[in-house]
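Q: The structure's right below; bear with me while I get my questions together.
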Amino acid sequence: MLLSIPQTSHRFGGLLIEEETKVVELDAGMVDSSVFALGQRKKHEQLAEEERQPRGSIGIPPAVLEAMFGQMAIIVPCKDESTETIEGVLSGIPHSCLVVLVSNSSRFPQDRYAQEVEMLTDFCRFAGYGRSRPFMAIHQKDPEAAGALAAAGMPEILDGSDGLVRNGKGEGMILGVALVAALCQPQRRFVGFVDADNQVPGAVNEYCKAYAAGFAMNINSASCTAAVPTVATNTMVRIVWGSKPKVKNGQIVYDRDGRSSRVANKWLNYLLADISGPDQRVASAASLTNIVVTGNAGEHAMDMDLALKLRLASGYAIEPFHFVDLLHQLATSTTTTTSTTAPPAGPKFKPVKILQIRTRNPHFHRPSDESHIQKMRRAALGAIYHYLPLRTPPGGPDGLSLGDRIRACIGIPPAPLVYPPIERLDMAVFRARIMADRKAGSFASFGVPEKVVQG
Ligand code: GDD
Ligand code: MG
């Protein structure tokens with residue numbers, strides 16, 4: 001894969017957000033691995049300089065991508081997609097990645113989850129060269145999963161009315177990360193997310209490659225040969241779709257922005273501008289309005305170290321809240337927290353780098369109606385409004401604060417729930433409960449825990 005090298009990045013304390021970069025070639029041919037192994041991007045840039053090559057792009061050799069896939073778990077949250085659609089998604093996930101299906105599909109009158117597990121088992125058996133591909137699957141409403149999470153220290157994720165894990169995409173993703181943390185360490189150092197309603201397997205494949213390329217490019221977090229990872233910087237890779245096509249008047253229109261993404265991006269960029277303070281805000285007003293292009297990126301990945309430390313939000317607020325929590329954790333040294341609803345300070349964070357990669361495939365998925373889009377926009381604005389990370393000065397030309405401006409625009413948005421970091425879980429307890437309950441509960445797996453593969 002050939003990626004353009006981002007030209008600009010913006011630092012907010014320990015958080016570095018790189019401006020959009022893009023996939024130049026899906027397949028970059030036989031990139032010289034020895035060049036790459038010299039130390040990823042920095043050395044690559046130096047070499048390009050010495051050899052007077054243009055340094056606008058970097059090729060990630062297939063062997064490096066493959067080494068990364070072997071360290072990645074891909075979580076697929078699903079809810080009532082057809083098994084054919086989910087199978088299409090599975091077909092796009094590189095063979096060496098571990099698939100983790102977290103389902104909230106209906107079980108009555110038809111047990112759709114049973115059908116999903118049957119499909120997954122058959123798919124992995126068929127794809128396994130005589131032995132099944134490893135996988136994990138769990139149902140979000142499994143009482144055993146709820147019991148394991150509560151016993152291990154995260155009762156907050158349970159719905160008080162039935163004692164089961166709450167509904168929501170964010171909650172499903174948390175359950176998936178907990179499984180990877182409890183059952184797949186140290187093998188799976190990276191975790192990525194791909195929606196189950198993606199109708200283009202090639203797009204899924206490209207997202208996973210972009211995750212792997214992003215990790216491999218990060219000089220600190222991606223030493224794919226080191227026995228013990230030395231992570232000095234945590235990395236998050238977020239996908240910007242090449243296009244999000246819609247059918248308008250019988251024609252496919254290849255829109256670039258999603259309807260809720262453009263709103264989430266706009267307000268996150270306002271937040272960054274406010275955090276930068278009045279001097280910088282004026283100096284770089286233009287550049288600060290376009291930094292975040294992945295506010296709502298459902299497709300994203302990060303190293304497990306970060307996945308365990310981040311506080312994750314409920315439902316569709318999960319992706320925009322990443323930025324909010326990272327600003328809380330990493331940009332607070334320069335300003336003071338004001339929000340009364342701000343979550344308590346988390347465990348100490350390492351510096352974090354966010355890469356935003358624009359992919360090539362169109363993102364075709366289940367169409368959403370306007371009320372769903374409204375819900376997503378309000379969830380994103382709620383993640384910002386209720387958890388404003390820093391004392392943001394009265395901003396825009398109207399002299400209003402960011403919170404005032406959000407309120408003036410849409411009223412008070414709903415506050416998402418924010419869960420404690422997953423590392424709060426007692427993994428030994430969680431693992432023991434999940435493994436003990438595997439006969440009674442919905443948990444299905446093959447080849448997990450995995451044999452540790454190094455190198
Ligand atoms: N496990 C689980 N539990 N999965 C869920 C749940 C749930 O409660 N709710 C939704 N999902 C799954 C869906 O089945 C789908 O595969 C995926 O999460 C995304 O849900 P959609 O309902 O299709 O979301 P969307 O397409 O409107 O939004 C997607 O893109 C946004 C950016 O435009 C999501 O990925 C958003 O999170 C993202 O912000
Ligand atoms: Mg969708």
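Residue numbering restarts at 1 for every chain of the structure tokens, chains are lettered A, B, ... in their displayed order, and ligands are numbered from 1 as they appear.
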Please identify all polymer residues within 6 Å of segment 363-372 of chain A, counting only C-alpha atoms, omitting same-chain residues fewer than 2 positions from it, and present them as JSON, numbers by chain.

A: {"A": [197, 198, 199, 244, 374, 375]}

Q: What residues have any atom no more than 8 Å from ligand 1 when counting only C-alpha atoms and all ligand atoms, and can you list them as a PyMOL selection string?

A: chain A and resi 76-81+101-105+139-140+166-173+194-198+258-261+295-299+315-320+365-368+372-373+376

Q: Measure the distance from atom CA of Leu417 of chain A to atom CA of Ala152 of chain A in Å and round it to one decimal.

A: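 Computing it gives 19.2 Å between the two atoms.
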
Q: Check the smallest atom-to-atom distance from each of A:Ala148, A:Ile239, A:Leu326, A:Ala444 to Tyr113 of chain A using only C-alpha atoms, then report the winner.

A: A:Ala444

Q: So what do you get for atom CA of Phe215 of chain A versus atom CA of Met302 of chain A, distance-wise?

A: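 Separation of atom CA of Phe215 of chain A and atom CA of Met302 of chain A: 8.1 Å.
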
Q: Pick out each residue of segment 97-219 of chain A that DSSP on the backbone tags as strand (DSSP E); I need them as a VMD selection string.

A: chain A and resid 98 to 103 135 to 139 190 to 193

Q: Using DSSP on the backbone coordinates, identify the residues of segment 167-335 of chain A assigned to helix (DSSP H, G or I); present them as an MDAnalysis selection string.

A: chainID A and resid 169:183 201:217 261:275 277:283 285:288 304:309 315:330

Q: Quick one: write out the picked residues with C-alpha atoms as an mmCIF file, in the first residue's frame?

A:
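Ended up saving to part.cif:
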data_model
loop_
_atom_site.group_PDB
_atom_site.id
_atom_site.type_symbol
_atom_site.label_atom_id
_atom_site.label_comp_id
_atom_site.auth_asym_id
_atom_site.auth_seq_id
_atom_site.Cartn_x
_atom_site.Cartn_y
_atom_site.Cartn_z
ATOM 1 C CA LYS A 169 -22.765 0.246 19.276
ATOM 2 C CA GLY A 170 -20.302 1.727 21.780
ATOM 3 C CA GLU A 171 -21.274 -0.838 24.404
ATOM 4 C CA GLY A 172 -20.797 -3.682 21.886
ATOM 5 C CA MET A 173 -17.352 -2.358 21.025
ATOM 6 C CA ILE A 174 -16.379 -2.210 24.706
ATOM 7 C CA LEU A 175 -17.410 -5.839 25.154
ATOM 8 C CA GLY A 176 -15.324 -6.769 22.088
ATOM 9 C CA VAL A 177 -12.220 -4.954 23.361
ATOM 10 C CA ALA A 178 -12.625 -6.607 26.760
ATOM 11 C CA LEU A 179 -12.623 -10.037 25.074
ATOM 12 C CA VAL A 180 -9.489 -9.211 23.096
ATOM 13 C CA ALA A 181 -7.796 -7.884 26.233
ATOM 14 C CA ALA A 182 -8.727 -10.897 28.313
ATOM 15 C CA LEU A 183 -8.159 -13.688 25.813
ATOM 16 C CA PRO A 201 -15.789 -6.350 0.872
ATOM 17 C CA GLY A 202 -12.999 -4.554 -0.995
ATOM 18 C CA ALA A 203 -13.586 -1.479 1.166
ATOM 19 C CA VAL A 204 -13.304 -3.573 4.314
ATOM 20 C CA ASN A 205 -10.045 -5.000 3.034
ATOM 21 C CA GLU A 206 -8.724 -1.517 2.293
ATOM 22 C CA TYR A 207 -9.651 -0.243 5.779
ATOM 23 C CA CYS A 208 -7.772 -3.117 7.435
ATOM 24 C CA LYS A 209 -4.744 -2.477 5.227
ATOM 25 C CA ALA A 210 -4.865 1.208 6.065
ATOM 26 C CA TYR A 211 -4.951 0.364 9.793
ATOM 27 C CA ALA A 212 -1.929 -1.901 9.376
ATOM 28 C CA ALA A 213 -0.090 0.697 7.296
ATOM 29 C CA GLY A 214 -0.829 3.398 9.856
ATOM 30 C CA PHE A 215 0.545 1.296 12.713
ATOM 31 C CA ALA A 216 3.570 0.256 10.692
ATOM 32 C CA MET A 217 4.341 3.889 9.882
ATOM 33 C CA SER A 261 -19.778 13.503 9.942
ATOM 34 C CA ARG A 262 -19.693 17.004 8.558
ATOM 35 C CA VAL A 263 -21.480 18.310 11.646
ATOM 36 C CA ALA A 264 -19.270 16.394 14.086
ATOM 37 C CA ASN A 265 -16.127 17.517 12.243
ATOM 38 C CA LYS A 266 -17.186 21.147 12.228
ATOM 39 C CA TRP A 267 -17.786 21.282 15.974
ATOM 40 C CA LEU A 268 -14.679 19.304 16.873
ATOM 41 C CA ASN A 269 -12.650 21.750 14.807
ATOM 42 C CA TYR A 270 -14.291 24.671 16.628
ATOM 43 C CA LEU A 271 -13.296 22.948 19.851
ATOM 44 C CA LEU A 272 -9.673 22.644 18.718
ATOM 45 C CA ALA A 273 -9.656 26.276 17.647
ATOM 46 C CA ASP A 274 -10.971 27.362 21.045
ATOM 47 C CA ILE A 275 -8.465 25.213 22.894
ATOM 48 C CA GLY A 277 -6.357 30.055 22.619
ATOM 49 C CA PRO A 278 -7.021 33.463 21.104
ATOM 50 C CA ASP A 279 -3.512 34.174 19.804
ATOM 51 C CA GLN A 280 -3.037 30.941 17.981
ATOM 52 C CA ARG A 281 -6.648 30.893 16.974
ATOM 53 C CA VAL A 282 -6.247 34.103 15.057
ATOM 54 C CA ALA A 283 -2.856 33.124 13.659
ATOM 55 C CA ALA A 285 -7.726 30.242 11.982
ATOM 56 C CA ALA A 286 -7.747 28.824 8.482
ATOM 57 C CA SER A 287 -5.712 25.742 9.259
ATOM 58 C CA LEU A 288 -7.655 24.953 12.423
ATOM 59 C CA MET A 304 -4.515 -2.091 22.716
ATOM 60 C CA ASP A 305 -2.590 0.020 25.165
ATOM 61 C CA LEU A 306 -4.694 3.007 24.127
ATOM 62 C CA ALA A 307 -7.928 1.013 23.781
ATOM 63 C CA LEU A 308 -7.607 0.023 27.425
ATOM 64 C CA LYS A 309 -6.869 3.534 28.698
ATOM 65 C CA GLY A 315 -23.770 4.289 21.372
ATOM 66 C CA TYR A 316 -22.813 6.484 18.446
ATOM 67 C CA ALA A 317 -21.066 9.031 20.667
ATOM 68 C CA ILE A 318 -18.094 6.694 20.916
ATOM 69 C CA GLU A 319 -16.096 8.057 17.972
ATOM 70 C CA PRO A 320 -16.382 11.823 18.539
ATOM 71 C CA PHE A 321 -15.784 11.253 22.231
ATOM 72 C CA HIS A 322 -12.313 9.820 21.457
ATOM 73 C CA PHE A 323 -11.172 13.356 20.616
ATOM 74 C CA VAL A 324 -12.842 14.788 23.676
ATOM 75 C CA ASP A 325 -11.287 12.285 26.057
ATOM 76 C CA LEU A 326 -7.852 12.588 24.472
ATOM 77 C CA LEU A 327 -8.002 16.350 24.905
ATOM 78 C CA HIS A 328 -9.032 15.804 28.512
ATOM 79 C CA GLN A 329 -6.110 13.503 29.112
ATOM 80 C CA LEU A 330 -3.414 15.168 27.088
#

Q: Pick from A:Cys97, A:Val247, A:Met119, A:Leu158: nearest to Lys141 of chain A, with only C-alpha atoms counted?

A: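 Nearest to Lys141 of chain A: A:Leu158.
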
Q: Give me, please, the distance in Å between atom CA of Gln71 of chain A and atom CA of Asp303 of chain A, quoted to one decimal.

A: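 For atom CA of Gln71 of chain A relative to atom CA of Asp303 of chain A, the distance reads 9.8 Å.
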
Q: Give me, as a VMD selection string, all polymer residues having an atom no more than 10 Å from Pro449 of chain A, counting only C-alpha atoms and skipping those fewer than 4 positions away in the same chain.

A: chain A and resid 134 to 136 180 182 to 185 187 445

Q: Could you tell me which of A:Gly403, A:Tyr129, A:Thr85, A:Glu156 comes closest to ligand 2 if we count only C-alpha atoms and all ligand atoms?

A: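 Checking each of A:Gly403, A:Tyr129, A:Thr85, A:Glu156 against ligand 2, counting only C-alpha atoms and all ligand atoms, the winner is A:Thr85.
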
Q: With only C-alpha atoms as the counted atoms, please give the residues lying no more than 9 Å from Val23 of chain A, apart from itself and same-chain residues fewer than 3 positions off, as a list in words.

A: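 Here the answer would be Met1, Leu2, Leu3, Ser4, Leu26, Ala210, Ile357, Arg358, Thr359 and Arg360 of chain A.
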
Q: Grab the residues selected above and save them as a short mmCIF file (atom, residue, chain, number, x, y, z; two decimals), in the first residue's frame with all heavy atoms.

A:
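Contents of again32.cif, freshly written:
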data_model
loop_
_atom_site.label_atom_id
_atom_site.label_comp_id
_atom_site.auth_asym_id
_atom_site.auth_seq_id
_atom_site.Cartn_x
_atom_site.Cartn_y
_atom_site.Cartn_z
N MET A 1 0.86 -1.19 0.00
CA MET A 1 0.00 0.00 0.00
C MET A 1 0.89 1.23 0.00
O MET A 1 1.89 1.27 0.72
CB MET A 1 -0.91 -0.05 1.24
CG MET A 1 -1.73 1.20 1.45
SD MET A 1 -3.04 0.95 2.69
CE MET A 1 -4.44 0.48 1.67
N LEU A 2 0.53 2.22 -0.83
CA LEU A 2 1.29 3.47 -0.86
C LEU A 2 0.43 4.58 -0.26
O LEU A 2 -0.70 4.80 -0.71
CB LEU A 2 1.67 3.82 -2.30
CG LEU A 2 2.71 4.93 -2.46
CD1 LEU A 2 4.10 4.42 -2.08
CD2 LEU A 2 2.76 5.44 -3.90
N LEU A 3 0.97 5.26 0.75
CA LEU A 3 0.22 6.33 1.42
C LEU A 3 0.95 7.66 1.21
O LEU A 3 2.19 7.68 1.19
CB LEU A 3 0.15 6.09 2.92
CG LEU A 3 -0.64 4.91 3.43
CD1 LEU A 3 -0.58 4.88 4.95
CD2 LEU A 3 -2.09 5.00 2.99
N SER A 4 0.19 8.72 1.11
CA SER A 4 0.85 10.03 1.09
C SER A 4 1.26 10.35 2.52
O SER A 4 0.64 9.88 3.48
CB SER A 4 -0.10 11.11 0.56
OG SER A 4 -1.19 11.27 1.43
N LEU A 26 -3.45 1.16 -3.78
CA LEU A 26 -3.88 0.06 -2.91
C LEU A 26 -2.78 -0.98 -2.82
O LEU A 26 -2.59 -1.63 -1.79
CB LEU A 26 -5.14 -0.58 -3.47
CG LEU A 26 -6.39 0.31 -3.43
CD1 LEU A 26 -7.49 -0.26 -4.30
CD2 LEU A 26 -6.86 0.46 -2.00
N ALA A 210 -5.22 -0.15 5.64
CA ALA A 210 -4.86 1.21 6.06
C ALA A 210 -4.54 1.22 7.57
O ALA A 210 -3.61 1.92 8.00
CB ALA A 210 -6.00 2.18 5.75
N ILE A 357 -6.73 8.67 7.52
CA ILE A 357 -6.37 8.18 6.19
C ILE A 357 -7.60 8.12 5.28
O ILE A 357 -8.60 7.46 5.61
CB ILE A 357 -5.73 6.77 6.28
CG1 ILE A 357 -4.50 6.82 7.19
CG2 ILE A 357 -5.36 6.25 4.88
CD1 ILE A 357 -3.78 5.49 7.37
N ARG A 358 -7.51 8.81 4.15
CA ARG A 358 -8.61 8.76 3.17
C ARG A 358 -8.40 7.56 2.26
O ARG A 358 -7.35 7.43 1.62
CB ARG A 358 -8.70 10.04 2.34
CG ARG A 358 -9.93 10.04 1.43
CD ARG A 358 -10.13 11.35 0.70
NE ARG A 358 -10.58 12.43 1.54
CZ ARG A 358 -11.86 12.64 1.89
NH1 ARG A 358 -12.81 11.82 1.47
NH2 ARG A 358 -12.19 13.65 2.66
N THR A 359 -9.40 6.68 2.25
CA THR A 359 -9.30 5.46 1.45
C THR A 359 -9.92 5.69 0.07
O THR A 359 -10.44 6.77 -0.22
CB THR A 359 -9.98 4.30 2.20
OG1 THR A 359 -11.24 4.76 2.72
CG2 THR A 359 -9.12 3.82 3.36
N ARG A 360 -9.87 4.68 -0.77
CA ARG A 360 -10.29 4.82 -2.17
C ARG A 360 -11.67 4.24 -2.47
O ARG A 360 -12.38 4.71 -3.34
CB ARG A 360 -9.27 4.13 -3.08
CG ARG A 360 -7.93 4.83 -3.10
CD ARG A 360 -7.99 6.00 -4.05
NE ARG A 360 -6.80 6.84 -3.91
CZ ARG A 360 -6.55 7.88 -4.69
NH1 ARG A 360 -7.40 8.20 -5.65
NH2 ARG A 360 -5.49 8.60 -4.50
#

Q: Can you pull out every residue within 9 Å of Leu149 of chain A, counting only C-alpha atoms, but drop anything in the same chain fewer than 3 positions away, and send it as a list of chain:residue names?

A: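 The contact residues come out as A:Glu144, A:Ala145, A:Ala146, A:Ala152, A:Gly153, A:Met154, A:Pro155, A:Ile157, A:Leu158, A:Val165, A:Leu175, A:Ala178, A:Leu425, A:Val429, A:Phe430, A:Arg433.
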
Q: Just the selected residues (all heavy atoms), exported as a CSV table (one decimal), in the first residue's frame, please.

A:
chain,number,residue,atom,x,y,z
A,144,GLU,N,-24.5,-14.1,30.7
A,144,GLU,CA,-23.1,-14.4,31.2
A,144,GLU,C,-22.1,-13.3,30.9
A,144,GLU,O,-21.3,-13.0,31.8
A,144,GLU,CB,-22.7,-15.7,30.5
A,144,GLU,CG,-23.1,-17.0,31.2
A,144,GLU,CD,-24.6,-17.3,31.0
A,144,GLU,OE1,-25.2,-16.7,30.0
A,144,GLU,OE2,-25.2,-18.0,31.8
A,145,ALA,N,-22.3,-12.7,29.8
A,145,ALA,CA,-21.4,-11.5,29.5
A,145,ALA,C,-21.6,-10.4,30.5
A,145,ALA,O,-20.7,-9.8,31.0
A,145,ALA,CB,-21.6,-11.0,28.1
A,146,ALA,N,-22.9,-10.1,30.8
A,146,ALA,CA,-23.2,-9.1,31.8
A,146,ALA,C,-22.6,-9.5,33.1
A,146,ALA,O,-22.0,-8.6,33.8
A,146,ALA,CB,-24.7,-8.9,31.9
A,152,ALA,N,-16.1,-8.4,37.0
A,152,ALA,CA,-14.7,-7.9,36.8
A,152,ALA,C,-14.6,-6.4,37.1
A,152,ALA,O,-13.5,-5.9,37.0
A,152,ALA,CB,-14.3,-8.2,35.4
A,153,GLY,N,-15.7,-5.7,37.3
A,153,GLY,CA,-15.5,-4.3,37.8
A,153,GLY,C,-16.1,-3.3,36.9
A,153,GLY,O,-15.8,-2.1,37.0
A,154,MET,N,-17.0,-3.6,36.0
A,154,MET,CA,-17.7,-2.6,35.2
A,154,MET,C,-19.2,-2.7,35.2
A,154,MET,O,-19.9,-2.9,34.2
A,154,MET,CB,-17.2,-2.6,33.7
A,154,MET,CG,-17.3,-1.2,33.1
A,154,MET,SD,-17.0,-1.1,31.3
A,154,MET,CE,-15.3,-1.1,31.3
A,155,PRO,N,-19.8,-2.6,36.4
A,155,PRO,CA,-21.3,-2.7,36.5
A,155,PRO,C,-22.0,-1.5,35.7
A,155,PRO,O,-23.1,-1.6,35.4
A,155,PRO,CB,-21.5,-2.6,38.0
A,155,PRO,CG,-20.4,-1.9,38.6
A,155,PRO,CD,-19.2,-2.3,37.7
A,157,ILE,N,-21.9,-0.6,32.8
A,157,ILE,CA,-22.3,-0.9,31.5
A,157,ILE,C,-23.7,-1.7,31.4
A,157,ILE,O,-24.3,-1.9,30.4
A,157,ILE,CB,-21.2,-1.6,30.7
A,157,ILE,CG1,-21.4,-1.5,29.2
A,157,ILE,CG2,-21.1,-3.1,31.1
A,157,ILE,CD1,-20.2,-1.9,28.3
A,158,LEU,N,-24.1,-2.1,32.6
A,158,LEU,CA,-25.4,-2.8,32.6
A,158,LEU,C,-26.6,-1.9,32.7
A,158,LEU,O,-26.6,-0.9,33.4
A,158,LEU,CB,-25.4,-3.8,33.8
A,158,LEU,CG,-24.2,-4.7,33.9
A,158,LEU,CD1,-24.4,-5.8,35.0
A,158,LEU,CD2,-23.9,-5.4,32.6
A,165,VAL,N,-26.1,-6.1,29.4
A,165,VAL,CA,-25.3,-5.0,28.8
A,165,VAL,C,-26.3,-4.1,28.1
A,165,VAL,O,-27.2,-4.5,27.4
A,165,VAL,CB,-24.3,-5.5,27.9
A,165,VAL,CG1,-23.5,-4.4,27.1
A,165,VAL,CG2,-23.2,-6.4,28.7
A,175,LEU,N,-17.4,-4.4,24.9
A,175,LEU,CA,-17.4,-5.8,25.2
A,175,LEU,C,-16.4,-6.5,24.3
A,175,LEU,O,-15.6,-7.4,24.7
A,175,LEU,CB,-18.8,-6.4,24.9
A,175,LEU,CG,-19.0,-7.9,25.1
A,175,LEU,CD1,-18.6,-8.4,26.5
A,175,LEU,CD2,-20.5,-8.3,24.8
A,178,ALA,N,-12.9,-5.9,25.5
A,178,ALA,CA,-12.6,-6.6,26.8
A,178,ALA,C,-12.3,-8.1,26.4
A,178,ALA,O,-11.4,-8.6,27.1
A,178,ALA,CB,-13.9,-6.5,27.7
A,425,LEU,N,-11.0,-3.2,34.3
A,425,LEU,CA,-11.5,-4.6,34.5
A,425,LEU,C,-10.5,-5.5,35.1
A,425,LEU,O,-9.3,-5.4,34.7
A,425,LEU,CB,-11.9,-5.2,33.2
A,425,LEU,CG,-13.2,-4.7,32.5
A,425,LEU,CD1,-13.4,-5.4,31.2
A,425,LEU,CD2,-14.4,-5.0,33.4
A,429,VAL,N,-10.5,-12.2,36.3
A,429,VAL,CA,-11.9,-12.5,36.7
A,429,VAL,C,-12.7,-12.6,35.4
A,429,VAL,O,-13.5,-13.6,35.2
A,429,VAL,CB,-12.4,-11.5,37.7
A,429,VAL,CG1,-13.9,-11.6,37.9
A,429,VAL,CG2,-11.7,-11.5,39.0
A,430,PHE,N,-12.6,-11.6,34.5
A,430,PHE,CA,-13.4,-11.6,33.3
A,430,PHE,C,-13.1,-12.8,32.5
A,430,PHE,O,-14.1,-13.5,32.0
A,430,PHE,CB,-13.1,-10.3,32.5
A,430,PHE,CG,-13.9,-10.1,31.3
A,430,PHE,CD1,-15.3,-9.9,31.4
A,430,PHE,CD2,-13.4,-10.2,30.0
A,430,PHE,CE1,-16.1,-9.7,30.3
A,430,PHE,CE2,-14.1,-10.1,28.9
A,430,PHE,CZ,-15.5,-9.8,29.0
A,433,ARG,N,-14.6,-16.0,34.0
A,433,ARG,CA,-16.1,-16.0,33.9
A,433,ARG,C,-16.5,-16.4,32.5
A,433,ARG,O,-17.4,-17.2,32.3
A,433,ARG,CB,-16.7,-14.7,34.3
A,433,ARG,CG,-16.7,-14.5,35.8
A,433,ARG,CD,-17.7,-15.3,36.6
A,433,ARG,NE,-19.1,-15.1,36.2
A,433,ARG,CZ,-20.0,-14.4,36.9
A,433,ARG,NH1,-19.6,-13.9,38.0
A,433,ARG,NH2,-21.2,-14.2,36.4

Q: Would you list the contacts of Cys409 of chain A as a list in words, taking every protein, DNA or RNA residue within 12 Å and counting only C-alpha atoms, but skipping same-chain residues closer than 3 positions in sequence?

A: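 Selected residues are Val263, Trp267, Arg377, Arg378, Leu381, Tyr385, Leu400, Leu402, Gly403, Asp404, Arg405, Ile406, Ile412 and Pro413 of chain A.
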